[in-house]
Amino acid sequence: MVAGAVPAVGLSDYNVPGWLFILAVLAAAVLGAVLLLSRRRQGRAIEELQHSTSHVAAIVDSAMDAIVVMDQDGRVVQWNPTAERLFGWKAEEVEGRLVSETLVPERWRLDHEKGLSHFRRTGTGPVLGKVRELSALHKDGSELPVDLSITLAVRDGDRATFVAYLRDVAARQRAERIQGVRFVVASVLSEARSLADATHGVVAAIGTRLRMPVVALWTPTLGGLGSDHQWAAGREAADALLRVTATTTLSV
């Protein structure tokens, strides 16, 4: 029979003491328990990491600031919903694109690339950890003022990840300019010696503080509204417009 051709094997054939066998069994059982516990702990650690990652992702997505994550090559890795609303690009449109071609106005792109190259050589950068006010590019080509802060999130050998926080400051700038106009106008009115001086000073203050190229004050006159007071940032460039404005009456 085939079964008879296979001899029975027991401990006595290998001259193994019974106590050593029992110890080996106990050691295997302990090792199995340790491995099982390790797997459970590892599983919990993975679950905690996943939960933490989801939590961080939720914070990034709900942040009031635009958050842009960039790799050491200057390409977009992550783009949160606030960045979508502020700059007009959807996340799937910009992932993998160069930040310099997406957010940086053309006049500053060379400086941006030089800064990245300097970091790759030295591991340092003059803009890291600082807040700067500058202009960022919208998808439609327009520019908007932002506060920019860049931090180094990860550095692993020659690989690096940067996180940029951008905040729209257009509303703040407008409020500051309007407040400045109020102060200047109050000063002009307190020092003016005549109505003409006061009017001219107020018109000039509005144009200067609000950065308007041309300002005209229209007042009631015979037949409608006329403008006796104009101001222009560049008189020569706006000369024709100023002449037309001064000689035009608006019907009301």
# chains A, B, ... in the order shown; residues from 1 in each chain; ligands from 1
>>> residues_around(residues="Val203 (chain A)", least_positions_apart="4", cutoff="8 Å", atoms="only C-alpha atoms", output="PyMOL selection string")
chain A and resi 199+207+215-217+229-231
>>> closest_residue(among="A:Arg120, A:Arg174, A:Arg97, A:Arg211", to="Arg155 (chain A)", atoms="only C-alpha atoms")
A:Arg120
>>> residues_around(residues="His112 (chain A)", least_positions_apart="2", cutoff="12 Å", atoms="only C-alpha atoms", output="list in words")
Asp73, Gly74, Leu98, Val99, Ser100, Glu101, Leu103, Val104, Pro105, Glu106, Arg107, Trp108, Arg109, Leu110, Lys114, Gly115, Leu116, Ser117, His118, Phe119, Gly125, Pro126 and Val127 of chain A
>>> write_last_selection(atoms="C-alpha atoms", output="mmCIF file, in the first residue's frame")
data_model
loop_
_atom_site.group_PDB
_atom_site.id
_atom_site.type_symbol
_atom_site.label_atom_id
_atom_site.label_comp_id
_atom_site.auth_asym_id
_atom_site.auth_seq_id
_atom_site.Cartn_x
_atom_site.Cartn_y
_atom_site.Cartn_z
ATOM 1 C CA ASP A 73 9.694 71.696 -9.749
ATOM 2 C CA GLY A 74 7.168 74.483 -9.304
ATOM 3 C CA LEU A 98 3.584 75.308 -13.453
ATOM 4 C CA VAL A 99 2.656 77.830 -10.781
ATOM 5 C CA SER A 100 4.639 80.449 -12.684
ATOM 6 C CA GLU A 101 2.318 80.048 -15.699
ATOM 7 C CA LEU A 103 -0.499 82.535 -10.831
ATOM 8 C CA VAL A 104 2.619 84.607 -11.434
ATOM 9 C CA PRO A 105 2.353 87.710 -13.660
ATOM 10 C CA GLU A 106 4.763 87.514 -16.577
ATOM 11 C CA ARG A 107 7.013 90.316 -15.293
ATOM 12 C CA TRP A 108 7.833 88.271 -12.166
ATOM 13 C CA ARG A 109 8.143 84.771 -13.630
ATOM 14 C CA LEU A 110 11.903 84.921 -14.062
ATOM 15 C CA LYS A 114 15.360 81.921 -9.971
ATOM 16 C CA GLY A 115 13.986 81.548 -6.441
ATOM 17 C CA LEU A 116 13.161 77.876 -7.031
ATOM 18 C CA SER A 117 16.578 77.234 -8.557
ATOM 19 C CA HIS A 118 18.242 78.909 -5.567
ATOM 20 C CA PHE A 119 16.292 76.703 -3.170
ATOM 21 C CA GLY A 125 14.727 80.883 0.077
ATOM 22 C CA PRO A 126 14.239 84.592 0.850
ATOM 23 C CA VAL A 127 10.416 84.399 0.728
#
>>> closest_residue(among="A:Ala66, A:Val252, A:Val214, A:Thr221", to="Ala238 (chain A)", atoms="only C-alpha atoms")
A:Val214
>>> atom_distance(atom1="CA of Gly141 (chain A)", atom2="CA of Ala91 (chain A)")
17.6 Å
>>> closest_residue(among="A:Leu134, A:Val181, A:Val69, A:Leu189", to="Tyr165 (chain A)", atoms="only C-alpha atoms")
A:Val69
>>> atom_distance(atom1="CA of Ala198 (chain A)", atom2="CA of Gly226 (chain A)")
17.7 Å
>>> atom_distance(atom1="CA of Ala246 (chain A)", atom2="CA of Thr219 (chain A)")
11.6 Å
>>> closest_residue(among="A:Leu225, A:Ala233, A:Ala192, A:Leu144", to="Met212 (chain A)", atoms="only C-alpha atoms")
A:Ala233
